[in-house]
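Structure below is final_21.cif: mmCIF, C-alpha atoms.
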```cif
data_start
#
loop_
_atom_site.group_PDB
_atom_site.id
_atom_site.type_symbol
_atom_site.label_atom_id
_atom_site.label_comp_id
_atom_site.auth_asym_id
_atom_site.auth_seq_id
_atom_site.Cartn_x
_atom_site.Cartn_y
_atom_site.Cartn_z
ATOM 1 C CA MET A 984 14.968 13.106 -18.399
ATOM 2 C CA THR A 985 14.806 12.509 -14.640
ATOM 3 C CA LYS A 986 12.094 10.374 -13.033
ATOM 4 C CA GLU A 987 10.625 13.552 -11.567
ATOM 5 C CA ASP A 988 10.439 15.063 -15.070
ATOM 6 C CA ILE A 989 8.688 11.936 -16.387
ATOM 7 C CA LEU A 990 6.199 12.011 -13.488
ATOM 8 C CA ASN A 991 5.430 15.683 -14.104
ATOM 9 C CA ARG A 992 4.924 14.940 -17.804
ATOM 10 C CA ILE A 993 2.554 12.031 -17.014
ATOM 11 C CA LYS A 994 0.534 14.239 -14.677
ATOM 12 C CA GLU A 995 0.469 17.187 -17.085
ATOM 13 C CA ASP A 996 -0.556 15.028 -20.064
ATOM 14 C CA ALA A 997 -3.361 13.442 -18.036
ATOM 15 C CA LEU A 998 -4.714 16.816 -16.944
ATOM 16 C CA ASN A 999 -4.468 18.232 -20.493
ATOM 17 C CA GLN A 1000 -6.316 15.215 -21.918
ATOM 18 C CA GLN A 1001 -8.870 15.373 -19.071
ATOM 19 C CA VAL A 1002 -7.976 11.885 -17.885
ATOM 20 C CA PRO A 1003 -9.133 11.721 -14.263
ATOM 21 C CA ILE A 1004 -6.157 11.077 -11.994
ATOM 22 C CA ILE A 1005 -5.955 11.207 -8.212
ATOM 23 C CA SER A 1006 -5.487 14.647 -6.616
ATOM 24 C CA ASP A 1007 -2.190 15.704 -5.016
ATOM 25 C CA GLU A 1008 -3.802 15.507 -1.554
ATOM 26 C CA GLY A 1009 -5.207 12.060 -2.319
ATOM 27 C CA ILE A 1010 -1.928 10.576 -3.545
ATOM 28 C CA GLN A 1011 -0.054 12.129 -0.627
ATOM 29 C CA TYR A 1012 -2.447 10.411 1.792
ATOM 30 C CA LEU A 1013 -2.146 7.081 -0.082
ATOM 31 C CA THR A 1014 1.659 7.066 -0.160
ATOM 32 C CA GLN A 1015 1.858 8.000 3.527
ATOM 33 C CA TYR A 1016 -0.677 5.268 4.330
ATOM 34 C CA ILE A 1017 1.481 2.699 2.485
ATOM 35 C CA GLN A 1018 4.571 3.770 4.443
ATOM 36 C CA LYS A 1019 2.847 3.969 7.845
ATOM 37 C CA HIS A 1020 1.031 0.609 7.585
ATOM 38 C CA SER A 1021 3.819 -1.393 5.901
ATOM 39 C CA VAL A 1022 1.686 -2.115 2.833
ATOM 40 C CA HIS A 1023 3.418 -4.481 0.380
ATOM 41 C CA ARG A 1024 0.793 -5.810 -2.032
ATOM 42 C CA ILE A 1025 -1.701 -3.457 -3.667
ATOM 43 C CA LEU A 1026 -4.603 -4.014 -6.058
ATOM 44 C CA GLU A 1027 -5.816 -0.977 -7.987
ATOM 45 C CA VAL A 1028 -9.117 -1.006 -9.876
ATOM 46 C CA GLY A 1029 -8.785 1.639 -12.602
ATOM 47 C CA ALA A 1030 -5.228 2.301 -13.780
ATOM 48 C CA ALA A 1031 -6.010 5.194 -16.158
ATOM 49 C CA VAL A 1032 -2.528 6.250 -17.363
ATOM 50 C CA GLY A 1033 -0.676 4.547 -14.498
ATOM 51 C CA TYR A 1034 0.015 7.670 -12.422
ATOM 52 C CA SER A 1035 -1.315 6.426 -9.072
ATOM 53 C CA ALA A 1036 0.168 2.931 -9.562
ATOM 54 C CA ILE A 1037 3.580 4.508 -10.179
ATOM 55 C CA MET A 1038 3.261 6.766 -7.118
ATOM 56 C CA MET A 1039 2.145 3.873 -4.882
ATOM 57 C CA CYS A 1040 4.950 1.669 -6.183
ATOM 58 C CA MET A 1041 7.526 4.333 -5.368
ATOM 59 C CA ALA A 1042 6.121 4.975 -1.872
ATOM 60 C CA ALA A 1043 8.282 2.295 -0.254
ATOM 61 C CA ASP A 1044 10.645 -0.551 -1.060
ATOM 62 C CA ASP A 1045 9.085 -3.943 -1.548
ATOM 63 C CA VAL A 1046 5.734 -2.646 -2.856
ATOM 64 C CA THR A 1047 4.034 -4.400 -5.776
ATOM 65 C CA VAL A 1048 0.924 -3.134 -7.553
ATOM 66 C CA THR A 1049 -1.526 -5.097 -9.677
ATOM 67 C CA THR A 1050 -3.653 -2.615 -11.599
ATOM 68 C CA ILE A 1051 -6.566 -3.103 -14.007
ATOM 69 C CA GLU A 1052 -7.576 -0.906 -16.945
ATOM 70 C CA ARG A 1053 -10.273 -1.650 -19.536
ATOM 71 C CA ASP A 1054 -9.750 1.339 -21.862
ATOM 72 C CA GLU A 1055 -7.215 0.413 -24.551
ATOM 73 C CA THR A 1056 -5.849 3.933 -25.111
ATOM 74 C CA ARG A 1057 -5.296 4.475 -21.389
ATOM 75 C CA TYR A 1058 -3.874 0.971 -20.958
ATOM 76 C CA LEU A 1059 -1.270 1.589 -23.708
ATOM 77 C CA GLU A 1060 -0.405 4.987 -22.215
ATOM 78 C CA ALA A 1061 -0.023 3.395 -18.757
ATOM 79 C CA LEU A 1062 2.190 0.668 -20.223
ATOM 80 C CA LYS A 1063 4.452 3.307 -21.796
ATOM 81 C CA ASN A 1064 4.582 5.387 -18.585
ATOM 82 C CA ILE A 1065 5.401 2.395 -16.356
ATOM 83 C CA LYS A 1066 8.181 1.353 -18.769
ATOM 84 C CA GLN A 1067 9.620 4.895 -18.855
ATOM 85 C CA MET A 1068 9.770 4.873 -15.062
ATOM 86 C CA GLY A 1069 11.488 1.446 -15.109
ATOM 87 C CA LEU A 1070 8.792 -0.086 -12.892
ATOM 88 C CA GLU A 1071 7.776 -3.147 -14.968
ATOM 89 C CA ASP A 1072 8.942 -5.464 -12.151
ATOM 90 C CA CYS A 1073 6.881 -3.586 -9.576
ATOM 91 C CA ILE A 1074 3.614 -3.012 -11.474
ATOM 92 C CA GLN A 1075 1.522 -5.679 -13.175
ATOM 93 C CA LEU A 1076 -0.893 -3.987 -15.572
ATOM 94 C CA LEU A 1077 -3.933 -5.989 -16.688
ATOM 95 C CA TYR A 1078 -5.903 -4.996 -19.793
ATOM 96 C CA HIS A 1079 -9.394 -6.176 -18.813
ATOM 97 C CA ASP A 1080 -12.758 -5.134 -17.522
ATOM 98 C CA ALA A 1081 -12.346 -5.530 -13.748
ATOM 99 C CA PHE A 1082 -15.506 -7.668 -13.600
ATOM 100 C CA ASP A 1083 -13.822 -10.242 -15.859
ATOM 101 C CA VAL A 1084 -10.692 -10.451 -13.722
ATOM 102 C CA SER A 1085 -10.277 -13.326 -11.288
ATOM 103 C CA LEU A 1086 -7.401 -13.053 -8.820
ATOM 104 C CA GLU A 1087 -6.219 -15.582 -6.249
ATOM 105 C CA GLU A 1088 -3.670 -13.552 -4.303
ATOM 106 C CA GLU A 1089 -4.247 -11.456 -1.209
ATOM 107 C CA PHE A 1090 -3.614 -7.730 -1.007
ATOM 108 C CA ASP A 1091 -2.887 -5.430 1.958
ATOM 109 C CA LEU A 1092 -4.581 -2.547 0.174
ATOM 110 C CA ILE A 1093 -7.228 -2.329 -2.528
ATOM 111 C CA PHE A 1094 -7.588 1.071 -4.184
ATOM 112 C CA ILE A 1095 -10.845 1.630 -6.096
ATOM 113 C CA ASP A 1096 -10.641 4.456 -8.622
ATOM 114 C CA ALA A 1097 -12.725 3.312 -11.598
ATOM 115 C CA ALA A 1098 -16.348 3.738 -12.767
ATOM 116 C CA LYS A 1099 -17.908 5.517 -9.774
ATOM 117 C CA ALA A 1100 -21.342 3.945 -10.259
ATOM 118 C CA GLN A 1101 -19.747 0.491 -9.817
ATOM 119 C CA ASN A 1102 -17.900 1.159 -6.532
ATOM 120 C CA GLN A 1103 -20.031 -1.203 -4.470
ATOM 121 C CA LYS A 1104 -19.767 -4.009 -7.032
ATOM 122 C CA PHE A 1105 -15.970 -3.604 -7.150
ATOM 123 C CA PHE A 1106 -15.843 -3.624 -3.350
ATOM 124 C CA GLU A 1107 -17.942 -6.801 -3.127
ATOM 125 C CA LYS A 1108 -16.050 -8.536 -5.935
ATOM 126 C CA PHE A 1109 -12.526 -7.959 -4.622
ATOM 127 C CA GLU A 1110 -12.947 -7.961 -0.836
ATOM 128 C CA LYS A 1111 -12.251 -11.731 -0.889
ATOM 129 C CA ASN A 1112 -8.733 -10.754 -2.027
ATOM 130 C CA LEU A 1113 -8.184 -8.470 0.961
ATOM 131 C CA SER A 1114 -5.875 -9.671 3.742
ATOM 132 C CA SER A 1115 -7.372 -10.057 7.227
ATOM 133 C CA THR A 1116 -5.867 -6.726 8.314
ATOM 134 C CA GLY A 1117 -6.308 -5.033 4.926
ATOM 135 C CA THR A 1118 -7.910 -1.778 3.846
ATOM 136 C CA ILE A 1119 -10.020 -0.732 0.870
ATOM 137 C CA ILE A 1120 -9.635 2.919 -0.142
ATOM 138 C CA THR A 1121 -12.125 4.474 -2.579
ATOM 139 C CA ASP A 1122 -11.442 7.763 -4.380
ATOM 140 C CA ASN A 1123 -13.905 10.474 -5.566
ATOM 141 C CA ILE A 1124 -16.390 9.851 -2.773
ATOM 142 C CA ASP A 1125 -17.459 13.549 -2.839
ATOM 143 C CA PHE A 1126 -17.669 13.580 -6.650
ATOM 144 C CA HIS A 1127 -16.804 17.271 -7.155
ATOM 145 C CA GLY A 1128 -19.019 18.279 -4.227
ATOM 146 C CA LEU A 1129 -22.167 16.913 -5.898
ATOM 147 C CA VAL A 1130 -22.687 14.172 -3.301
ATOM 148 C CA ASN A 1131 -23.457 16.847 -0.688
ATOM 149 C CA ARG A 1132 -26.135 18.465 -2.865
ATOM 150 C CA ASP A 1133 -29.817 17.622 -3.222
ATOM 151 C CA LEU A 1134 -30.432 15.347 -6.197
ATOM 152 C CA GLN A 1135 -33.168 17.731 -7.456
ATOM 153 C CA ASP A 1136 -30.503 20.450 -7.855
ATOM 154 C CA ILE A 1137 -28.561 18.353 -10.374
ATOM 155 C CA GLN A 1138 -29.797 19.053 -13.903
ATOM 156 C CA SER A 1139 -28.381 16.095 -15.791
ATOM 157 C CA LYS A 1140 -30.252 12.800 -15.381
ATOM 158 C CA ASN A 1141 -27.058 10.741 -15.879
ATOM 159 C CA LEU A 1142 -25.238 12.802 -13.279
ATOM 160 C CA ARG A 1143 -28.160 12.396 -10.854
ATOM 161 C CA GLN A 1144 -28.001 8.599 -11.277
ATOM 162 C CA MET A 1145 -24.246 8.618 -10.690
ATOM 163 C CA VAL A 1146 -24.563 10.734 -7.536
ATOM 164 C CA ARG A 1147 -27.404 8.505 -6.279
ATOM 165 C CA LYS A 1148 -25.166 5.430 -6.699
ATOM 166 C CA ILE A 1149 -22.286 7.081 -4.846
ATOM 167 C CA LYS A 1150 -24.676 8.062 -2.015
ATOM 168 C CA ASN A 1151 -25.890 4.444 -1.896
ATOM 169 C CA TYR A 1152 -22.265 3.273 -1.743
ATOM 170 C CA ILE A 1153 -21.597 5.612 1.191
ATOM 171 C CA SER A 1154 -24.631 4.122 2.986
ATOM 172 C CA PHE A 1155 -23.360 0.614 2.177
ATOM 173 C CA LEU A 1156 -20.006 1.466 3.794
ATOM 174 C CA GLU A 1157 -21.618 3.114 6.823
ATOM 175 C CA ASP A 1158 -23.850 0.078 7.413
ATOM 176 C CA ASN A 1159 -21.152 -2.545 6.753
ATOM 177 C CA THR A 1160 -20.453 -4.281 10.073
ATOM 178 C CA HIS A 1161 -17.269 -5.979 8.773
ATOM 179 C CA TYR A 1162 -15.464 -2.689 8.119
ATOM 180 C CA ARG A 1163 -14.838 0.562 9.890
ATOM 181 C CA THR A 1164 -14.923 3.385 7.314
ATOM 182 C CA ARG A 1165 -13.528 6.882 7.692
ATOM 183 C CA PHE A 1166 -14.555 9.524 5.158
ATOM 184 C CA LEU A 1167 -11.786 12.022 4.505
ATOM 185 C CA LYS A 1168 -12.174 15.463 2.921
ATOM 186 C CA LEU A 1169 -8.998 15.111 0.905
ATOM 187 C CA GLY A 1170 -8.914 15.864 -2.810
ATOM 188 C CA ASP A 1171 -12.253 14.667 -4.174
ATOM 189 C CA GLY A 1172 -13.024 12.689 -1.012
ATOM 190 C CA LEU A 1173 -11.643 9.346 0.158
ATOM 191 C CA ALA A 1174 -13.351 6.462 1.953
ATOM 192 C CA VAL A 1175 -10.914 4.388 4.017
ATOM 193 C CA SER A 1176 -12.511 1.033 4.951
ATOM 194 C CA THR A 1177 -10.495 -1.196 7.291
ATOM 195 C CA ARG A 1178 -11.466 -4.732 8.222
ATOM 196 C CA ILE A 1179 -12.681 -5.045 11.802
#
```
Kindly return the structure encoded in the file as structure tokens.
Amino acid sequence: MTKEDILNRIKEDALNQQVPIISDEGIQYLTQYIQKHSVHRILEVGAAVGYSAIMMCMAADDVTVTTIERDETRYLEALKNIKQMGLEDCIQLLYHDAFDVSLEEEFDLIFIDAAKAQNQKFFEKFEKNLSSTGTIITDNIDFHGLVNRDLQDIQSKNLRQMVRKIKNYISFLEDNTHYRTRFLKLGDGLAVSTRI
């Protein structure tokens, strides 16, 4: 089995099991960003099955990824996938709730792709680990197009709360004077926040 075959299998399995993984457009942007900005150290909040960590790791030589996953089933699947790709030296996978993780090192890029309602808390928790020229990229900022709709149009109360929190996070990024944020209509929406 080639590495490409393994990657396709990882992606297919995730989609079949309805595990949310980054879109093709999103991962293409991320890997190009890593190459263009000479990113070496990456922190990912929300590993899922390891797909994005693997793709980021393979984007360029000398890239290391620390990624956090709290769901045991997904963590074990990610562990297996990373091993199959032979990337154990490149990816450090932590089985924890991100809020219980304390890291000392600095990262060039922090990629937030976990519980959407907690985006702002993740941002505030880990920004101390961001290098002075670093960037925080958040996925699913459009949340399947729901963020652009009126809250009254969303039937489910839980979904309304989620969308409200994502809208609040967007406002937090727009008002944050320490970062310049670009909102990109790629995949399910990306927010790219660079330190000023």
Using the chain letters and numbers from the file, which residues does the PyMOL selection byres ((chain A and resi 1150) around 12) grab, as a PyMOL selection string?
chain A and resi 1099-1103+1123-1126+1128-1134+1143-1149+1151-1157
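CA of Asp1083 (chain A) is positioned 11.2 Å from CA of Phe1105 (chain A).
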Could you please give me, as a compact mmCIF listing (two decimals) with C-alpha atoms, in the coordinates of the input, the residues of protein, DNA or RNA lying at most 7 Å from (-5.0, -8.8, 4.2) in the coordinate frame of the file, considering all atoms listed in the file?
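File part.txt, as written:
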```
# COMPACT_ATOMS: atom_id res chain seq x y z
CA GLU A 1089 -4.25 -11.46 -1.21
CA PHE A 1090 -3.61 -7.73 -1.01
CA ASP A 1091 -2.89 -5.43 1.96
CA LEU A 1113 -8.18 -8.47 0.96
CA SER A 1114 -5.88 -9.67 3.74
CA SER A 1115 -7.37 -10.06 7.23
CA THR A 1116 -5.87 -6.73 8.31
CA GLY A 1117 -6.31 -5.03 4.93
```
Considering all atoms listed in the file, return as a list in words whatever protein or nucleic-acid residues lie within 8 Å of Val1048 (chain A), sequence-local ones (same chain, fewer than 4 positions apart) excluded.
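Once the adjacent positions are removed, what remains is Arg1024, Ile1025, Leu1026, Glu1027, Ala1036, Met1039, Cys1040, Cys1073, Ile1074 and Gln1075 of chain A.
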I want to know what sits within 7 Å of Ala1061 (chain A), based on all atoms listed in the file, with residues of the same chain fewer than 2 positions away left out; could you give that as a PyMOL selection string?
chain A and resi 1031-1033+1057-1059+1063-1065
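Across A:Ile1010, A:Tyr1162, A:Ile1051, A:Thr1056, the tightest approach to Val1084 (chain A) is made by A:Ile1051 when counting all atoms listed in the file.
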